Amino acid sequence: MRAARELLKDLEYKVLSGSIDVNVNELVYNTAKVTKECLFVCIRGMVFDSHEAAAKAAEAGAVVIVAERPVEVPAGITVVLVKDTRYALALISAAYFDYPAKKLKVIGITGTKGKTTTAFMIRSILEHAGISTGLIGTIETIIGKRHIPADNTTPESYAIQEDFAKMAAAGCKVVVMEVSSQGLKLHRTAGILFDLGIFTNLALDHIGPGEHENFEEYLECKSRLFRQCRVGIVNLDDPYCRQILEGSTCQVETYGFAQEADLRASGVRLIRRPECLGAAYQVSGRAEFPVEIDLPGKFSVYNSLAAIGVCRHFGISEQDMAKALKAAKTKGRIERIHVSDDFTLMIDYAHNAMSLESLLATLKEYHPKRLVCLFGCGGNRSRLRRFEMGEVSGRLADLTVITSDNPRYEEPQAIMDDIKTGIAKTEGAYVEIIDRKEAIRYVIEHGLPGDVIVLAGKGHEDYQEIRGVKYPMDERVLIQEVLQELAR
């Protein structure tokens with residue numbers, strides 16, 4: 001049991017009825033999980049406002065209701081009024097789990113692209129150096145040896161604090177987490193003082209219903225991380241770097257290619273061998289050593305620089321950092337799957353025009369015999385994305401293989417027809433194969449020496465969503481099935 005007064009101590013609030021000198025046995029914000037003698041926090045969601053269910057929560061056993069506006073509840077129930085219940089939930093959750101962030105070194109990463117790869121690079125270095133490190137991100141949450149698939153890039157504040165507590169109990173010393181603009185907007189990380197905050201880059205994205213009203217709001221939300229961290233490590237080359245730091249309260253360190261950067265890369269050269277597409281460079285400034293990574297492109301250099309900028313704060317040797325970066329891999333992010341010594345096949349999460357263009361432009365720098373791009377688009381999403389991705393692939397790939405992604409409640413062929421509309425604006429060659437496994441079979445059977453083949457859009461996802469049902473579908477499994485069938 002916890003005293004309600006203790007859980008509320010970090011907040012400004014007004015007691016509308018009842019008393020906060022009451023004990024509660026649980027903190028709940030989901031109406032389906034209300035328990036006897038719990039503290040229930042009302043949340044205004046996109047679809048449902050649980051303020052409307054306050055009376056029902058009280059009838060189900062809640063003894064304290066935290067709300068943004070007066071709610072009708074039975075007599076004797078404590079109602080506490082706060083300005084923002086999402087913010088309140090974050091601070092109450094921290095108190096409920098006994099402030100686990102104070103028991104960990106907390107690293108937060110924000111930016112449009114590169115958060116996931118950078119997080120895994122940092123964890124790879126820290127773990128290699130013997131520092132037990134938890135992770136919260138787009139792909140999964142890692143607690144000790146447990147890997148839990150993720151629903152959101154940045155989970156709800158209660159889940160973050162619960163995971164922090166589990167990490168501390170499991171012996172983790174550090175946690176590295178992706179901090180999305182949506183997570184910052186909805187106060188999911190409120191109350192956390194990050195030891196280190198990283199800014200990767202900013203581009204026009206996540207603008208629209210349910211996300212951000214405009215680019216200015218998107219940028220402002222990203223910038224909040226640097227008002228709640230001790231040290232900010234930022235990409236000096238990004239054109240929005242100065243705006244991200246406006247109003248910042250942290251010590252600032254920079255990385256990039258610019259001579260003024262505190263940590264800088266020079267002499268970048270691309271590496272192409274049968275077993276990898278990668279890059280090598282010299283890092284200088286606050287660290288001095290050669291780096292080689294088995295990940296392609298300039299953006300991978302930036303991600304590794306950010307990881308070095310973080311990990312040098314932990315006193316890790318340059319030799320250990322170089323060794324760990326060479327081995328760092330991220331599921332579904334330019335992930336190479338070996339199928340042949342003659343051509344390269346990769347899986348990537350690129351699922352919009354911006355990320356697909358960045359990916360294909362990077363791979364073209366390796367001068368493949370052919371660049372082959374296999375992708376589809378999600379159903380019940382903007383049709384504009386389909387036109388744009390079709391045009392990007394038609395322009396940059398030598399061959400596009402159009403297939404199905406997550407059709408949801410739409411017909412796969414209708415989605416593919418929209419993609420063809422985009423390709424028609426270019427002179428790009430394409431084939432269309434609805435069944436994704438058969439499409440993968442096609443690119444493997446028709447792979448030529450020197451080709452680079454990328455399966456885009458699914459990345460780390462291991463399912464296909466059709467008419468409300470998620471069916472198991474992992475491209476790695478499909479590839480192995482195809483190889484076994486071809487071998488027979």
# chains A, B, ... in the order shown; residues from 1 in each chain; ligands from 1
>>> select_by_dssp(residues="segment 137-254 of chain A", states="strand (DSSP E)", output="PyMOL selection string")
chain A and resi 140-143+146-149+174-178+194-199+229-235+251-254
>>> residues_around(residues="Val291 of chain A", least_positions_apart="5", cutoff="7 Å", atoms="only C-alpha atoms", output="VMD selection string")
chain A and resid 280 to 283 322
>>> write_last_selection(atoms="C-alpha atoms", output="short mmCIF file (atom, residue, chain, number, x, y, z; two decimals), in the first residue's frame")
data_model
loop_
_atom_site.label_atom_id
_atom_site.label_comp_id
_atom_site.auth_asym_id
_atom_site.auth_seq_id
_atom_site.Cartn_x
_atom_site.Cartn_y
_atom_site.Cartn_z
CA ALA A 280 35.65 3.47 -42.47
CA TYR A 281 36.81 6.83 -41.14
CA GLN A 282 39.09 8.57 -38.66
CA VAL A 283 37.47 10.09 -35.58
CA ALA A 322 36.15 0.38 -32.20
#
>>> atom_distance(atom1="atom CA of Arg336 of chain A", atom2="atom CA of His367 of chain A")
16.9 Å
>>> residues_around(residues="segment 4-17 of chain A", least_positions_apart="5", cutoff="7 Å", atoms="only C-alpha atoms", output="PDB file with N, CA and C atoms, in the first residue's frame")
ATOM      1  N   VAL A  22      -5.078   8.802   2.252  1.00  0.00           N
ATOM      2  CA  VAL A  22      -5.655   7.486   2.068  1.00  0.00           C
ATOM      3  C   VAL A  22      -4.614   6.621   1.360  1.00  0.00           C
ATOM      4  N   ASN A  23      -4.609   5.344   1.668  1.00  0.00           N
ATOM      5  CA  ASN A  23      -3.654   4.434   1.038  1.00  0.00           C
ATOM      6  C   ASN A  23      -4.238   3.825  -0.237  1.00  0.00           C
ATOM      7  N   VAL A  24      -3.376   3.639  -1.216  1.00  0.00           N
ATOM      8  CA  VAL A  24      -3.793   2.985  -2.461  1.00  0.00           C
ATOM      9  C   VAL A  24      -2.871   1.795  -2.704  1.00  0.00           C
ATOM     10  N   ILE A  77     -15.340   9.389  -2.500  1.00  0.00           N
ATOM     11  CA  ILE A  77     -14.204   9.157  -3.395  1.00  0.00           C
ATOM     12  C   ILE A  77     -13.368  10.438  -3.489  1.00  0.00           C
ATOM     13  N   THR A  78     -12.077  10.291  -3.378  1.00  0.00           N
ATOM     14  CA  THR A  78     -11.171  11.444  -3.482  1.00  0.00           C
ATOM     15  C   THR A  78     -10.964  11.819  -4.942  1.00  0.00           C
ATOM     16  N   VAL A  79     -11.186  13.085  -5.262  1.00  0.00           N
ATOM     17  CA  VAL A  79     -10.932  13.599  -6.612  1.00  0.00           C
ATOM     18  C   VAL A  79      -9.861  14.673  -6.528  1.00  0.00           C
ATOM     19  N   VAL A  80      -8.782  14.482  -7.290  1.00  0.00           N
ATOM     20  CA  VAL A  80      -7.652  15.412  -7.299  1.00  0.00           C
ATOM     21  C   VAL A  80      -7.570  16.046  -8.683  1.00  0.00           C
ATOM     22  N   LEU A  81      -7.559  17.373  -8.726  1.00  0.00           N
ATOM     23  CA  LEU A  81      -7.526  18.109  -9.989  1.00  0.00           C
ATOM     24  C   LEU A  81      -6.094  18.540 -10.303  1.00  0.00           C
ATOM     25  N   VAL A  82      -5.632  18.226 -11.528  1.00  0.00           N
ATOM     26  CA  VAL A  82      -4.305  18.659 -11.993  1.00  0.00           C
ATOM     27  C   VAL A  82      -4.466  19.332 -13.348  1.00  0.00           C
ATOM     28  N   ALA A  88       0.888  14.372 -15.007  1.00  0.00           N
ATOM     29  CA  ALA A  88       0.693  13.850 -13.643  1.00  0.00           C
ATOM     30  C   ALA A  88       1.003  12.358 -13.588  1.00  0.00           C
ATOM     31  N   LEU A  91       4.784  11.725 -13.335  1.00  0.00           N
ATOM     32  CA  LEU A  91       5.398  12.003 -12.028  1.00  0.00           C
ATOM     33  C   LEU A  91       4.894  11.047 -10.948  1.00  0.00           C
ATOM     34  N   ILE A  92       3.613  10.707 -11.013  1.00  0.00           N
ATOM     35  CA  ILE A  92       3.071   9.740 -10.054  1.00  0.00           C
ATOM     36  C   ILE A  92       3.720   8.370 -10.271  1.00  0.00           C
ATOM     37  N   ALA A  95       7.142   8.199  -8.720  1.00  0.00           N
ATOM     38  CA  ALA A  95       7.047   8.027  -7.269  1.00  0.00           C
ATOM     39  C   ALA A  95       6.580   6.610  -6.917  1.00  0.00           C
ATOM     40  N   TYR A  96       5.626   6.085  -7.686  1.00  0.00           N
ATOM     41  CA  TYR A  96       5.061   4.759  -7.423  1.00  0.00           C
ATOM     42  C   TYR A  96       6.138   3.668  -7.503  1.00  0.00           C
TER      43      TYR A  96
END
>>> residues_around(residues="segment 173-188 of chain A", least_positions_apart="6", cutoff="7 Å", atoms="only C-alpha atoms", output="MDAnalysis selection string")
chainID A and resid 86:87 90 104:110 115:116 119 131:137 153:154 156:157 211 218 221:222 224
>>> write_last_selection(atoms="C-alpha atoms", output="compact mmCIF listing (two decimals), in the first residue's frame")
# COMPACT_ATOMS: atom_id res chain seq x y z
CA ARG A 86 -0.49 12.80 -18.73
CA TYR A 87 2.15 14.90 -17.00
CA ALA A 90 4.52 10.47 -15.41
CA LEU A 104 20.43 4.22 -13.51
CA LYS A 105 22.42 6.32 -15.95
CA VAL A 106 19.73 7.32 -18.46
CA ILE A 107 20.55 8.07 -22.11
CA GLY A 108 17.87 9.53 -24.39
CA ILE A 109 18.02 9.76 -28.20
CA THR A 110 15.76 11.98 -30.30
CA LYS A 115 17.45 6.69 -33.16
CA THR A 116 17.17 2.91 -33.28
CA ALA A 119 20.63 3.12 -29.46
CA ILE A 131 28.32 -2.44 -18.40
CA SER A 132 24.87 -4.04 -18.15
CA THR A 133 22.56 -1.87 -20.26
CA GLY A 134 18.80 -1.90 -20.75
CA LEU A 135 17.13 -0.57 -23.88
CA ILE A 136 13.73 0.91 -24.73
CA GLY A 137 12.97 1.57 -28.39
CA THR A 153 8.92 3.94 -29.82
CA THR A 154 8.51 5.64 -26.44
CA GLU A 156 3.54 5.37 -21.81
CA SER A 157 5.19 6.94 -18.75
CA GLU A 211 0.85 13.49 -34.50
CA TYR A 218 7.46 18.85 -34.18
CA CYS A 221 8.76 18.83 -28.99
CA LYS A 222 12.13 17.39 -30.01
CA ARG A 224 12.35 19.52 -24.94
>>> closest_residue(among="A:Arg370, A:Lys458, A:Arg2, A:Arg395", to="Ser93 of chain A", atoms="only C-alpha atoms")
A:Arg2
>>> residues_around(residues="Leu27 of chain A", least_positions_apart="2", cutoff="9 Å", atoms="only C-alpha atoms", output="number ranges by chain")
A: 24-25, 29, 34-35, 38-41, 89, 92-93, 96, 158
>>> residues_around(residues="Gly76 of chain A", least_positions_apart="4", cutoff="10 Å", atoms="only C-alpha atoms", output="number ranges by chain")
A: 17-19, 58, 63-64
>>> write_last_selection(atoms="N, CA and C atoms", output="compact mmCIF listing (two decimals), in the first residue's frame")
# COMPACT_ATOMS: atom_id res chain seq x y z
N SER A 17 -12.53 16.73 -3.65
CA SER A 17 -13.38 16.02 -2.69
C SER A 17 -12.57 14.92 -2.03
N GLY A 18 -13.04 14.50 -0.85
CA GLY A 18 -12.35 13.43 -0.14
C GLY A 18 -11.03 13.88 0.47
N SER A 19 -10.16 12.94 0.75
CA SER A 19 -8.88 13.22 1.40
C SER A 19 -7.76 12.46 0.70
N ALA A 58 -14.63 4.40 -10.12
CA ALA A 58 -14.88 4.45 -8.67
C ALA A 58 -15.73 3.26 -8.22
N VAL A 63 -10.21 4.48 -5.31
CA VAL A 63 -10.50 5.33 -4.16
C VAL A 63 -10.00 6.75 -4.37
N VAL A 64 -9.08 6.94 -5.33
CA VAL A 64 -8.58 8.27 -5.69
C VAL A 64 -8.66 8.41 -7.20
>>> residues_around(residues="Phe199 of chain A", least_positions_apart="5", cutoff="10 Å", atoms="only C-alpha atoms", output="ChimeraX atom specification")
/A:108-115,179,222-223,225-226,232-236,238,241,244-245,254-255,306
>>> select_by_dssp(residues="segment 60-301 of chain A", states="helix (DSSP H, G or I)", output="MDAnalysis selection string")
chainID A and resid 85:96 100:103 115:128 157:169 181:185 215:227 241:244 298:301
>>> write_last_selection(atoms="C-alpha atoms", output="mmCIF file, in the first residue's frame")
data_model
loop_
_atom_site.group_PDB
_atom_site.id
_atom_site.type_symbol
_atom_site.label_atom_id
_atom_site.label_comp_id
_atom_site.auth_asym_id
_atom_site.auth_seq_id
_atom_site.Cartn_x
_atom_site.Cartn_y
_atom_site.Cartn_z
ATOM 1 C CA THR A 85 -3.104 14.200 -16.341
ATOM 2 C CA ARG A 86 -0.489 12.800 -18.734
ATOM 3 C CA TYR A 87 2.153 14.903 -16.997
ATOM 4 C CA ALA A 88 0.693 13.850 -13.643
ATOM 5 C CA LEU A 89 0.803 10.179 -14.617
ATOM 6 C CA ALA A 90 4.524 10.474 -15.406
ATOM 7 C CA LEU A 91 5.398 12.003 -12.028
ATOM 8 C CA ILE A 92 3.071 9.740 -10.054
ATOM 9 C CA SER A 93 4.551 6.702 -11.859
ATOM 10 C CA ALA A 94 8.081 7.770 -10.922
ATOM 11 C CA ALA A 95 7.047 8.027 -7.269
ATOM 12 C CA TYR A 96 5.061 4.759 -7.423
ATOM 13 C CA PRO A 100 14.112 4.081 -10.572
ATOM 14 C CA ALA A 101 15.732 6.570 -13.002
ATOM 15 C CA LYS A 102 17.882 7.773 -10.095
ATOM 16 C CA LYS A 103 19.342 4.253 -9.841
ATOM 17 C CA LYS A 115 17.452 6.693 -33.162
ATOM 18 C CA THR A 116 17.165 2.909 -33.281
ATOM 19 C CA THR A 117 20.569 2.198 -34.823
ATOM 20 C CA THR A 118 22.306 4.674 -32.518
ATOM 21 C CA ALA A 119 20.635 3.116 -29.463
ATOM 22 C CA PHE A 120 21.812 -0.377 -30.449
ATOM 23 C CA MET A 121 25.328 0.904 -31.175
ATOM 24 C CA ILE A 122 25.524 2.492 -27.718
ATOM 25 C CA ARG A 123 24.239 -0.656 -26.056
ATOM 26 C CA SER A 124 26.686 -2.775 -28.059
ATOM 27 C CA ILE A 125 29.657 -0.697 -26.844
ATOM 28 C CA LEU A 126 28.527 -0.561 -23.208
ATOM 29 C CA GLU A 127 27.747 -4.285 -23.035
ATOM 30 C CA HIS A 128 31.090 -5.085 -24.702
ATOM 31 C CA SER A 157 5.194 6.935 -18.753
ATOM 32 C CA TYR A 158 3.934 4.207 -16.388
ATOM 33 C CA ALA A 159 5.522 1.526 -18.608
ATOM 34 C CA ILE A 160 8.809 3.451 -18.780
ATOM 35 C CA GLN A 161 9.058 3.721 -15.000
ATOM 36 C CA GLU A 162 8.041 0.069 -14.575
ATOM 37 C CA ASP A 163 10.735 -0.988 -17.056
ATOM 38 C CA PHE A 164 13.320 1.216 -15.326
ATOM 39 C CA ALA A 165 12.477 -0.493 -12.032
ATOM 40 C CA LYS A 166 12.830 -3.942 -13.615
ATOM 41 C CA MET A 167 16.160 -2.931 -15.166
ATOM 42 C CA ALA A 168 17.526 -1.710 -11.843
ATOM 43 C CA ALA A 169 16.375 -4.935 -10.175
ATOM 44 C CA SER A 181 8.577 13.667 -30.475
ATOM 45 C CA GLN A 182 5.199 12.137 -29.629
ATOM 46 C CA GLY A 183 6.604 10.788 -26.367
ATOM 47 C CA LEU A 184 7.865 14.259 -25.460
ATOM 48 C CA LYS A 185 4.613 15.929 -26.537
ATOM 49 C CA PHE A 215 6.824 21.302 -38.366
ATOM 50 C CA GLU A 216 7.304 24.029 -35.753
ATOM 51 C CA GLU A 217 5.504 21.938 -33.133
ATOM 52 C CA TYR A 218 7.464 18.848 -34.180
ATOM 53 C CA LEU A 219 10.762 20.724 -33.715
ATOM 54 C CA GLU A 220 9.699 22.243 -30.392
ATOM 55 C CA CYS A 221 8.755 18.828 -28.993
ATOM 56 C CA LYS A 222 12.130 17.389 -30.010
ATOM 57 C CA SER A 223 13.913 20.314 -28.328
ATOM 58 C CA ARG A 224 12.348 19.516 -24.940
ATOM 59 C CA LEU A 225 14.873 16.729 -24.370
ATOM 60 C CA PHE A 226 17.613 19.348 -24.022
ATOM 61 C CA ARG A 227 15.772 21.051 -21.200
ATOM 62 C CA CYS A 241 20.807 22.019 -34.648
ATOM 63 C CA ARG A 242 20.739 25.599 -33.328
ATOM 64 C CA GLN A 243 16.931 25.644 -33.163
ATOM 65 C CA ILE A 244 16.895 22.336 -31.294
ATOM 66 C CA LYS A 298 27.122 8.530 -44.326
ATOM 67 C CA PHE A 299 24.162 8.253 -41.946
ATOM 68 C CA SER A 300 25.798 5.190 -40.357
ATOM 69 C CA VAL A 301 28.924 7.286 -39.778
#
>>> closest_residue(among="A:Phe387, A:Gly376, A:Pro449, A:Tyr471", to="Glu432 of chain A", atoms="only C-alpha atoms")
A:Gly376
>>> atom_distance(atom1="atom CA of Ala57 of chain A", atom2="atom CA of Lys83 of chain A")
20.4 Å
>>> closest_residue(among="A:Ala456, A:Met321, A:Cys172, A:Ala307", to="Tyr349 of chain A", atoms="only C-alpha atoms")
A:Ala456
>>> closest_residue(among="A:Val443, A:Val452, A:Leu270, A:Val73", to="Glu59 of chain A", atoms="only C-alpha atoms")
A:Val73
>>> closest_residue(among="A:Asp237, A:Glu335, A:Asp195, A:Glu253", to="Phe314 of chain A", atoms="only C-alpha atoms")
A:Asp195
